$ cat my_file_17.tsv   # TSV, C-alpha atoms
chain	number	residue	atom	x	y	z
A	1	MET	CA	4.53	-11.33	-0.14
A	2	SER	CA	4.19	-15.02	0.42
A	3	THR	CA	3.20	-17.24	-2.46
A	4	ASP	CA	0.09	-18.77	-0.85
A	5	ASP	CA	-1.57	-15.55	0.32
A	6	THR	CA	-0.99	-11.83	0.41
A	7	THR	CA	0.42	-11.61	3.95
A	8	PRO	CA	3.85	-9.97	3.84
A	9	ASP	CA	6.66	-12.54	4.15
A	10	GLY	CA	8.26	-12.81	7.54
A	11	LEU	CA	5.73	-10.52	9.18
A	12	ILE	CA	4.67	-13.11	11.77
A	13	PRO	CA	7.25	-15.51	13.24
A	14	ALA	CA	6.25	-19.18	13.43
A	15	ALA	CA	6.67	-19.19	17.23
A	16	ILE	CA	4.06	-16.44	17.52
A	17	LEU	CA	1.58	-18.34	15.35
A	18	ALA	CA	2.16	-21.50	17.42
A	19	SER	CA	1.60	-19.73	20.75
A	20	ASP	CA	-1.29	-20.97	22.88
A	21	THR	CA	-0.95	-17.96	25.16
A	22	PRO	CA	-1.73	-14.32	24.36
A	23	VAL	CA	0.46	-12.56	21.81
A	24	ALA	CA	0.77	-8.88	21.05
A	25	VAL	CA	2.44	-6.73	18.44
A	26	TYR	CA	3.16	-3.09	17.93
A	27	GLY	CA	3.95	-1.96	14.45
A	28	TYR	CA	4.49	0.99	12.24
A	29	ALA	CA	3.70	1.82	8.65
A	30	ARG	CA	4.15	4.97	6.60
A	31	ALA	CA	2.25	5.71	3.42
A	32	LYS	CA	4.06	6.82	0.30
A	33	ALA	CA	3.62	10.49	-0.55
A	34	GLY	CA	0.23	10.96	-2.17
A	35	GLY	CA	-1.16	7.68	-0.76
A	36	GLU	CA	-1.87	8.90	2.76
A	37	GLY	CA	-5.63	9.27	2.31
A	38	ARG	CA	-6.09	5.95	0.59
A	39	MET	CA	-4.03	4.14	3.22
A	40	LEU	CA	-6.05	5.80	5.99
A	41	GLY	CA	-9.22	4.57	4.32
A	42	GLU	CA	-7.89	1.02	4.02
A	43	ILE	CA	-6.95	0.99	7.71
A	44	GLN	CA	-10.26	2.45	8.83
A	45	ALA	CA	-12.09	-0.23	6.85
A	46	ILE	CA	-10.56	-3.07	8.89
A	47	ILE	CA	-10.65	-1.67	12.43
A	48	GLY	CA	-14.28	-2.49	13.25
A	49	LEU	CA	-14.15	-5.87	11.53
A	50	THR	CA	-10.98	-6.82	13.38
A	51	ARG	CA	-12.31	-5.82	16.79
A	52	LYS	CA	-15.30	-8.16	16.30
A	53	GLU	CA	-13.11	-11.21	15.65
A	54	ASP	CA	-12.89	-14.08	18.11
A	55	GLY	CA	-9.69	-13.76	20.13
A	56	CYS	CA	-9.12	-10.06	19.44
A	57	GLU	CA	-8.41	-8.56	22.85
A	58	GLN	CA	-7.24	-5.18	21.58
A	59	TYR	CA	-6.76	-3.54	18.20
A	60	VAL	CA	-5.80	0.13	18.13
A	61	VAL	CA	-4.33	2.28	15.36
A	62	HIS	CA	-2.84	5.71	16.02
A	63	THR	CA	-1.71	8.54	13.80
A	64	THR	CA	-0.50	12.07	14.38
A	65	PRO	CA	-1.21	15.34	12.58
A	66	ASP	CA	2.54	16.06	12.71
A	67	GLN	CA	3.28	13.11	10.41
A	68	PRO	CA	0.47	12.55	7.91
A	69	GLY	CA	0.52	9.02	6.57
A	70	ALA	CA	2.32	7.57	9.62
A	71	PHE	CA	0.38	4.85	11.45
A	72	ALA	CA	1.21	2.99	14.67
A	73	PHE	CA	-0.63	-0.25	15.43
A	74	TYR	CA	-1.12	-2.22	18.65
A	75	GLU	CA	-2.79	-5.63	18.62
A	76	ARG	CA	-3.31	-8.27	21.28
A	77	TRP	CA	-4.69	-11.72	20.44
A	78	SER	CA	-5.70	-14.57	22.76
A	79	SER	CA	-3.38	-16.97	20.93
A	80	GLY	CA	-1.37	-17.45	17.78
A	81	ALA	CA	-4.26	-19.44	16.32
A	82	HIS	CA	-6.53	-16.42	16.72
A	83	LEU	CA	-3.96	-14.22	15.00
A	84	LEU	CA	-3.65	-16.73	12.17
A	85	ALA	CA	-7.43	-16.78	11.76
A	86	HIS	CA	-7.34	-12.96	11.63
A	87	ILE	CA	-4.77	-12.69	8.85
A	88	SER	CA	-6.63	-15.41	6.93
A	89	GLN	CA	-9.86	-13.40	6.84
A	90	PRO	CA	-10.84	-12.36	3.30
A	91	PHE	CA	-10.96	-8.69	4.36
A	92	MET	CA	-7.38	-8.91	5.62
A	93	GLN	CA	-6.22	-10.49	2.37
A	94	THR	CA	-7.87	-7.60	0.53
A	95	TYR	CA	-6.23	-5.14	2.94
A	96	PHE	CA	-2.71	-6.56	2.50
A	97	ALA	CA	-3.11	-6.50	-1.28
A	98	ALA	CA	-4.42	-2.91	-1.21
A	99	ILE	CA	-1.65	-1.48	0.95
A	100	ALA	CA	1.20	-3.31	-0.80
A	101	GLY	CA	1.64	-0.42	-3.21
A	102	LEU	CA	0.87	2.27	-0.65
A	103	VAL	CA	3.45	1.52	2.05
A	104	GLU	CA	6.71	3.46	1.84
A	105	ARG	CA	8.77	0.57	3.24
A	106	GLU	CA	8.04	-2.87	4.66
A	107	LEU	CA	5.57	-2.99	7.52
A	108	GLU	CA	7.47	-2.87	10.80
A	109	ALA	CA	6.34	-5.32	13.51
A	110	HIS	CA	7.64	-5.99	17.03
A	111	TRP	CA	6.21	-9.10	18.68
A	112	LEU	CA	5.55	-9.17	22.42
A	113	HIS	CA	4.92	-11.87	25.01
A	114	PRO	CA	3.17	-11.01	28.27
A	115	LEU	CA	5.23	-11.42	31.43
A	116	SER	CA	2.28	-12.86	33.31

$ encode --input "my_file_17.tsv" --output "structure tokens"
Amino acid sequence: MSTDDTTPDGLIPAAILASDTPVAVYGYARAKAGGEGRMLGEIQAIIGLTRKEDGCEQYVVHTTPDQPGAFAFYERWSSGAHLLAHISQPFMQTYFAAIAGLVERELEAHWLHPLS
């Protein structure tokens, strides 16, 4: 975690945050054994709030019954500034703090740039 907030270190590259064009990410997280239900609850708590944010073009989280506690995320933001505003929201700070002890490994994120 970074020292000035609870966003995981290195999760968002500086070039993404500086982008004035749309940015997208797909990611993956797996809950530790026994924490699947709590992690699901934490994720469900932020979906509606996130989708209402300015600049949120898409925010979808998937899971599968075959792998309880495995979550795949897809997000698209109008710009890096919108993404930065998102991760700065108090509810996101609470979310990052809550899942820190629930995630089996580091959050996995793959940043995308649209071709057109």

$ residues_around --input "my_file_17.tsv" --residues "A:Ala14" --least-positions-apart "6" --cutoff "12 Å" --atoms "all atoms listed in the file" --output "ChimeraX atom specification"
/A:80-81,83-84,111

$ residues_near_point --input "my_file_17.tsv" --point "(0.7, 3.2, 2.7)" --cutoff "10 Å" --atoms "all atoms listed in the file" --output "list in words"
Ala29, Arg30, Ala31, Lys32, Ala33, Gly34, Gly35, Glu36, Gly37, Arg38, Met39, Leu40, Glu42, Ile43, Gly69, Ala70, Phe71, Ala98, Ile99, Ala100, Gly101, Leu102, Val103, Glu104, Arg105, Glu106 and Leu107 of chain A

$ atom_distance --input "my_file_17.tsv" --atom1 "atom CA of A:Ala109" --atom2 "atom CA of A:Glu75"
10.5 Å

$ atom_distance --input "my_file_17.tsv" --atom1 "atom CA of A:Ser79" --atom2 "atom CA of A:Glu57"
10.0 Å

$ atom_distance --input "my_file_17.tsv" --atom1 "atom CA of A:Tyr28" --atom2 "atom CA of A:Leu115"
22.9 Å

$ closest_residue --input "my_file_17.tsv" --among "A:Glu108, A:Pro65, A:Ile46, A:Pro114" --to "A:Thr94" --atoms "all atoms listed in the file"
A:Ile46

$ closest_residue --input "my_file_17.tsv" --among "A:Ala97, A:Tyr59, A:Trp77, A:Asp66" --to "A:Ala24" --atoms "only C-alpha atoms"
A:Trp77

$ residues_around --input "my_file_17.tsv" --residues "A:His113" --least-positions-apart "2" --cutoff "10 Å" --atoms "all atoms listed in the file" --output "VMD selection string"
chain A and resid 16 19 21 to 25 76 111 115 to 116

$ write_last_selection --input "my_file_17.tsv" --atoms "C-alpha atoms" --output "compact mmCIF listing (two decimals), keeping the file's coordinate frame"
# COMPACT_ATOMS: atom_id res chain seq x y z
CA ILE A 16 4.06 -16.44 17.52
CA SER A 19 1.60 -19.73 20.75
CA THR A 21 -0.95 -17.96 25.16
CA PRO A 22 -1.73 -14.32 24.36
CA VAL A 23 0.46 -12.56 21.81
CA ALA A 24 0.77 -8.88 21.05
CA VAL A 25 2.44 -6.73 18.44
CA ARG A 76 -3.31 -8.27 21.28
CA TRP A 111 6.21 -9.10 18.68
CA LEU A 115 5.23 -11.42 31.43
CA SER A 116 2.28 -12.86 33.31

$ residues_near_point --input "my_file_17.tsv" --point "(8.8, -11.6, 12.7)" --cutoff "8 Å" --atoms "only C-alpha atoms" --output "mmCIF file with C-alpha atoms, keeping the file's coordinate frame"
data_model
loop_
_atom_site.group_PDB
_atom_site.id
_atom_site.type_symbol
_atom_site.label_atom_id
_atom_site.label_comp_id
_atom_site.auth_asym_id
_atom_site.auth_seq_id
_atom_site.Cartn_x
_atom_site.Cartn_y
_atom_site.Cartn_z
ATOM 1 C CA GLY A 10 8.260 -12.810 7.540
ATOM 2 C CA LEU A 11 5.730 -10.520 9.180
ATOM 3 C CA ILE A 12 4.670 -13.110 11.770
ATOM 4 C CA PRO A 13 7.250 -15.510 13.240
ATOM 5 C CA ALA A 109 6.340 -5.320 13.510
ATOM 6 C CA HIS A 110 7.640 -5.990 17.030
ATOM 7 C CA TRP A 111 6.210 -9.100 18.680
#

$ closest_residue --input "my_file_17.tsv" --among "A:Tyr74, A:Asp20, A:Tyr26, A:Ser88" --to "A:Glu53" --atoms "all atoms listed in the file"
A:Ser88
